[in-house]
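*Asks:* Contents of upload24.cif (mmCIF, C-alpha atoms) are below:
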```
data_coords
loop_
_atom_site.group_PDB
_atom_site.id
_atom_site.type_symbol
_atom_site.label_atom_id
_atom_site.label_comp_id
_atom_site.auth_asym_id
_atom_site.auth_seq_id
_atom_site.Cartn_x
_atom_site.Cartn_y
_atom_site.Cartn_z
ATOM 1 C CA MET A 295 -137.470 -100.749 8.264
ATOM 2 C CA SER A 296 -137.943 -101.914 11.848
ATOM 3 C CA PHE A 297 -136.564 -105.358 10.802
ATOM 4 C CA LEU A 298 -133.330 -103.740 9.566
ATOM 5 C CA SER A 299 -133.101 -101.682 12.689
ATOM 6 C CA THR A 300 -133.502 -104.765 14.880
ATOM 7 C CA LYS A 301 -131.067 -106.722 12.723
ATOM 8 C CA THR A 302 -128.551 -103.887 12.839
ATOM 9 C CA ARG A 303 -128.884 -103.683 16.617
ATOM 10 C CA ARG A 304 -128.339 -107.427 16.945
ATOM 11 C CA ILE A 305 -125.256 -107.300 14.730
ATOM 12 C CA LEU A 306 -123.850 -104.390 16.695
ATOM 13 C CA LEU A 307 -124.610 -106.137 19.972
ATOM 14 C CA LEU A 308 -122.897 -109.335 18.785
ATOM 15 C CA LEU A 309 -119.891 -107.401 17.503
ATOM 16 C CA GLY A 310 -119.686 -105.534 20.804
ATOM 17 C CA LEU A 311 -119.865 -108.743 22.828
ATOM 18 C CA ALA A 312 -117.273 -110.386 20.602
ATOM 19 C CA GLY A 313 -114.994 -107.378 20.995
ATOM 20 C CA LEU A 314 -115.488 -107.407 24.739
ATOM 21 C CA ALA A 315 -114.696 -111.123 24.907
ATOM 22 C CA ILE A 316 -111.547 -110.634 22.839
ATOM 23 C CA GLY A 317 -110.507 -107.659 24.997
ATOM 24 C CA VAL A 318 -111.016 -109.561 28.239
ATOM 25 C CA ARG A 319 -109.082 -112.540 26.891
ATOM 26 C CA PHE A 320 -106.232 -110.252 25.756
ATOM 27 C CA ALA A 321 -106.134 -108.459 29.113
ATOM 28 C CA LEU A 322 -106.043 -111.746 31.001
ATOM 29 C CA ALA A 323 -103.267 -113.025 28.765
ATOM 30 C CA GLN A 324 -101.238 -109.851 29.312
ATOM 31 C CA SER A 325 -101.678 -109.634 33.068
ATOM 32 C CA SER A 326 -99.363 -111.672 35.176
ATOM 33 C CA PRO A 327 -100.612 -113.784 38.059
ATOM 34 C CA LYS A 328 -99.901 -112.393 41.523
ATOM 35 C CA SER A 329 -97.297 -115.083 42.037
ATOM 36 C CA ASP A 330 -95.232 -114.052 39.015
ATOM 37 C CA PRO A 331 -92.199 -111.911 39.761
ATOM 38 C CA TYR A 332 -92.260 -108.296 38.627
ATOM 39 C CA ILE A 333 -88.939 -107.500 36.963
ATOM 40 C CA VAL A 334 -87.625 -103.955 36.643
ATOM 41 C CA GLU A 335 -84.398 -102.759 35.060
ATOM 42 C CA TRP A 336 -82.747 -99.555 36.302
ATOM 43 C CA VAL A 337 -80.151 -98.126 33.930
ATOM 44 C CA TYR A 338 -77.797 -95.219 34.648
ATOM 45 C CA ARG A 339 -75.282 -93.274 32.599
ATOM 46 C CA VAL A 340 -73.119 -91.156 34.863
ATOM 47 C CA LYS A 341 -71.137 -88.026 34.042
ATOM 48 C CA TRP A 342 -67.778 -89.133 32.748
ATOM 49 C CA GLY A 343 -65.223 -89.515 35.539
ATOM 50 C CA HIS A 344 -67.794 -89.619 38.363
ATOM 51 C CA GLN A 345 -68.725 -93.308 38.300
ATOM 52 C CA ASP A 346 -67.007 -94.093 41.612
ATOM 53 C CA GLU A 347 -68.690 -91.220 43.476
ATOM 54 C CA PHE A 348 -72.065 -92.181 42.002
ATOM 55 C CA TRP A 349 -71.552 -95.822 42.970
ATOM 56 C CA GLN A 350 -70.621 -95.018 46.584
ATOM 57 C CA ILE A 351 -73.835 -93.022 47.047
ATOM 58 C CA PHE A 352 -75.914 -95.604 45.167
ATOM 59 C CA LYS A 353 -74.505 -98.420 47.279
ATOM 60 C CA LYS A 354 -75.075 -96.526 50.505
ATOM 61 C CA TYR A 355 -78.783 -95.953 49.881
ATOM 62 C CA GLN A 356 -80.164 -97.968 46.982
ATOM 63 C CA ILE A 357 -78.266 -101.219 47.545
ATOM 64 C CA ALA A 358 -78.924 -101.047 51.287
ATOM 65 C CA THR A 359 -82.640 -100.571 50.573
ATOM 66 C CA LEU A 360 -82.681 -103.451 48.071
ATOM 67 C CA ASP A 361 -80.881 -105.669 50.604
ATOM 68 C CA LYS A 362 -83.516 -104.858 53.236
ATOM 69 C CA GLU A 363 -86.345 -105.473 50.739
ATOM 70 C CA LYS A 364 -84.737 -108.823 49.941
ATOM 71 C CA GLU A 365 -84.460 -109.667 53.636
ATOM 72 C CA LEU A 366 -88.167 -108.815 54.081
ATOM 73 C CA GLY A 367 -89.159 -110.880 51.034
ATOM 74 C CA SER A 368 -90.474 -108.226 48.649
ATOM 75 C CA VAL A 369 -87.352 -108.525 46.466
ATOM 76 C CA VAL A 370 -86.568 -112.061 45.361
ATOM 77 C CA LYS A 371 -83.158 -111.102 43.992
ATOM 78 C CA TYR A 372 -81.344 -108.323 42.210
ATOM 79 C CA GLU A 373 -78.357 -108.232 39.895
ATOM 80 C CA VAL A 374 -75.948 -105.356 39.249
ATOM 81 C CA PHE A 375 -74.037 -105.013 35.982
ATOM 82 C CA ARG A 376 -71.253 -102.802 34.650
ATOM 83 C CA PRO A 377 -70.105 -102.942 31.049
ATOM 84 C CA GLY A 378 -67.009 -105.022 30.355
ATOM 85 C CA LEU A 379 -65.775 -102.908 27.461
ATOM 86 C CA HIS A 380 -67.014 -99.664 25.941
ATOM 87 C CA THR A 381 -69.539 -98.453 23.401
ATOM 88 C CA SER A 382 -70.185 -95.176 21.630
ATOM 89 C CA GLU A 383 -71.033 -92.290 23.960
ATOM 90 C CA ASP A 384 -74.676 -92.174 22.861
ATOM 91 C CA GLN A 385 -75.101 -95.872 23.751
ATOM 92 C CA ARG A 386 -72.997 -95.823 26.930
ATOM 93 C CA TRP A 387 -74.415 -96.966 30.238
ATOM 94 C CA ASP A 388 -72.498 -97.373 33.500
ATOM 95 C CA TYR A 389 -74.782 -99.346 35.792
ATOM 96 C CA ARG A 390 -77.664 -101.690 35.102
ATOM 97 C CA ILE A 391 -79.614 -103.146 38.004
ATOM 98 C CA ILE A 392 -82.227 -105.832 37.394
ATOM 99 C CA ILE A 393 -84.613 -106.292 40.295
ATOM 100 C CA TYR A 394 -86.908 -109.280 40.688
ATOM 101 C CA TYR A 395 -89.756 -108.225 42.973
ATOM 102 C CA LYS A 396 -92.055 -110.887 44.401
ATOM 103 C CA ASN A 397 -94.942 -109.243 42.489
ATOM 104 C CA VAL A 398 -96.074 -105.808 41.321
ATOM 105 C CA ALA A 399 -97.494 -104.849 44.720
ATOM 106 C CA SER A 400 -94.199 -105.580 46.478
ATOM 107 C CA SER A 401 -92.326 -103.072 44.286
ATOM 108 C CA SER A 402 -93.680 -100.007 46.076
ATOM 109 C CA GLY A 403 -92.184 -100.388 49.562
ATOM 110 C CA GLY A 404 -88.748 -98.847 49.002
ATOM 111 C CA GLY A 405 -89.671 -95.382 50.292
ATOM 112 C CA SER A 406 -90.876 -96.559 53.675
ATOM 113 C CA ILE A 407 -87.842 -98.808 54.051
ATOM 114 C CA GLU A 408 -85.522 -95.890 53.229
ATOM 115 C CA ARG A 409 -87.168 -93.816 55.970
ATOM 116 C CA GLN A 410 -86.566 -96.650 58.457
ATOM 117 C CA LEU A 411 -82.983 -97.321 57.390
ATOM 118 C CA PHE A 412 -81.944 -93.671 57.099
ATOM 119 C CA PRO A 413 -83.558 -91.538 59.809
ATOM 120 C CA ASP A 414 -81.349 -88.563 58.825
ATOM 121 C CA GLN A 415 -83.569 -87.626 55.909
ATOM 122 C CA GLU A 416 -81.729 -84.343 55.263
ATOM 123 C CA THR A 417 -78.463 -86.173 54.586
ATOM 124 C CA LEU A 418 -80.247 -88.782 52.502
ATOM 125 C CA LYS A 419 -81.884 -86.064 50.400
ATOM 126 C CA ARG A 420 -78.629 -84.105 49.970
ATOM 127 C CA GLU A 421 -76.586 -87.171 48.978
ATOM 128 C CA GLU A 422 -79.294 -88.573 46.706
ATOM 129 C CA ASN A 423 -79.564 -85.152 45.031
ATOM 130 C CA ARG A 424 -75.821 -85.323 44.408
ATOM 131 C CA ARG A 425 -76.243 -88.777 42.869
ATOM 132 C CA TRP A 426 -78.900 -87.388 40.535
ATOM 133 C CA GLU A 427 -76.607 -84.450 39.639
ATOM 134 C CA LEU A 428 -74.052 -87.035 38.503
ATOM 135 C CA THR A 429 -76.641 -88.941 36.460
ATOM 136 C CA GLU A 430 -76.801 -88.020 32.774
ATOM 137 C CA VAL A 431 -79.361 -90.601 31.676
ATOM 138 C CA HIS A 432 -81.607 -92.888 33.688
ATOM 139 C CA TRP A 433 -84.597 -95.090 33.086
ATOM 140 C CA ASP A 434 -86.680 -97.633 34.968
ATOM 141 C CA LEU A 435 -88.079 -100.243 32.645
ATOM 142 C CA PRO A 436 -90.446 -103.010 33.704
ATOM 143 C CA ILE A 437 -89.433 -106.060 31.699
ATOM 144 C CA ARG A 438 -90.818 -109.536 31.415
ATOM 145 C CA GLN A 439 -89.045 -112.725 30.699
ATOM 146 C CA ILE A 440 -90.632 -114.860 28.032
ATOM 147 C CA ASP A 441 -90.354 -118.507 27.146
ATOM 148 C CA PRO A 442 -89.340 -118.586 23.469
ATOM 149 C CA ASN A 443 -90.947 -122.026 23.136
ATOM 150 C CA ALA A 444 -94.297 -121.135 24.679
ATOM 151 C CA ALA A 445 -97.299 -120.487 22.492
ATOM 152 C CA GLY A 446 -98.613 -116.944 22.510
ATOM 153 C CA ASP A 447 -95.691 -115.097 24.089
#
```
Rewrite the structure of this file - the entire thing - as structure tokens.

*Replies:*
Amino acid sequence: MSFLSTKTRRILLLLGLAGLAIGVRFALAQSSPKSDPYIVEWVYRVKWGHQDEFWQIFKKYQIATLDKEKELGSVVKYEVFRPGLHTSEDQRWDYRIIIYYKNVASSSGGGSIERQLFPDQETLKREENRRWELTEVHWDLPIRQIDPNAAGD
């Protein structure tokens, strides 16, 4: 009986170590090196007829902040898209911004930069609240670019 117990413990220990090794390998494969850019997509659908008002507020605060982050080096680049034609209302989006941060850590500095760029925080809050009132749907989605020819992606 003690032989089975020892054997069972050894098997469980080996299975646990194998699982741990596989988990560590998977985690390392999924994590990106600190030098890899961290890519985030912001998508907005705005109340119909209010796209221009939304864009003026967005440009005033968000684009200015992204420009400053780019100047300081935390944003490598960003791209802004509008649709060229139209889709069904449930699939409609009005603005899509893809931001390439230097790395994950550099993606968290926007708030402090906004406070520096816009000392009138009451106006910033009021105008940003208006922008959010005009926003019907929004999401921030971290995305990663993959090499279709690389093994394991």

*Asks:* So how many Å separate atom CA of Asn397 of chain A and atom CA of Glu422 of chain A, to one decimal?

*Replies:*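 Taking atom CA of Asn397 of chain A and atom CA of Glu422 of chain A, their separation equals 26.3 Å.
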
*Asks:* I need the output of the PyMOL selection byres ((chain A and resi 347) around 12) for this file as a list in words; which residues are they?

*Replies:*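 Residues picked by the PyMOL selection byres ((chain A and resi 347) around 12): Val340, Lys341, Trp342, Gly343, His344, Gln345, Asp346, Phe348, Trp349, Gln350, Ile351, Phe352, Lys353, Lys354, Glu421, Glu422, Arg424, Arg425, Trp426, Glu427, Leu428 and Thr429 of chain A.
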
*Asks:* Exactly which residues make up the result of the PyMOL selection byres ((chain A and resi 408) around 10) on this file, given as JSON, numbers by chain?

*Replies:* {"A": [355, 356, 358, 359, 360, 362, 363, 403, 404, 405, 406, 407, 409, 410, 411, 412, 413, 415, 418]}

*Asks:* What does the distance between atom CA of Ile393 of chain A and atom CA of Gln439 of chain A come to in Å, to one decimal place?

*Replies:*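 Answer for the atom CA of Ile393 of chain A to atom CA of Gln439 of chain A separation: 12.4 Å.
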
*Asks:* Go ahead and find all residues with at least one atom no further than 6 Å from (-83.3, -102.1, 33.9) in the file's coordinates, using only C-alpha atoms; report them as an MDAnalysis selection string.

*Replies:* chainID A and resid 334:337 390:392 434:435

*Asks:* Might you spell out which residues the PyMOL selection byres ((chain A and resi 367) around 12) would select in the displayed file, as a PyMOL selection string?

*Replies:* chain A and resi 331+360-366+368-371+394-397+400-401+403

*Asks:* How would the residues just picked look written out with C-alpha atoms as a PDB file, in the coordinates of the input?

*Replies:*
```pdb
ATOM      1  CA  PRO A 331     -92.199-111.911  39.761  1.00  0.00           C
ATOM      2  CA  LEU A 360     -82.681-103.451  48.071  1.00  0.00           C
ATOM      3  CA  ASP A 361     -80.881-105.669  50.604  1.00  0.00           C
ATOM      4  CA  LYS A 362     -83.516-104.858  53.236  1.00  0.00           C
ATOM      5  CA  GLU A 363     -86.345-105.473  50.739  1.00  0.00           C
ATOM      6  CA  LYS A 364     -84.737-108.823  49.941  1.00  0.00           C
ATOM      7  CA  GLU A 365     -84.460-109.667  53.636  1.00  0.00           C
ATOM      8  CA  LEU A 366     -88.167-108.815  54.081  1.00  0.00           C
ATOM      9  CA  SER A 368     -90.474-108.226  48.649  1.00  0.00           C
ATOM     10  CA  VAL A 369     -87.352-108.525  46.466  1.00  0.00           C
ATOM     11  CA  VAL A 370     -86.568-112.061  45.361  1.00  0.00           C
ATOM     12  CA  LYS A 371     -83.158-111.102  43.992  1.00  0.00           C
ATOM     13  CA  TYR A 394     -86.908-109.280  40.688  1.00  0.00           C
ATOM     14  CA  TYR A 395     -89.756-108.225  42.973  1.00  0.00           C
ATOM     15  CA  LYS A 396     -92.055-110.887  44.401  1.00  0.00           C
ATOM     16  CA  ASN A 397     -94.942-109.243  42.489  1.00  0.00           C
ATOM     17  CA  SER A 400     -94.199-105.580  46.478  1.00  0.00           C
ATOM     18  CA  SER A 401     -92.326-103.072  44.286  1.00  0.00           C
ATOM     19  CA  GLY A 403     -92.184-100.388  49.562  1.00  0.00           C
TER      20      GLY A 403
END
```
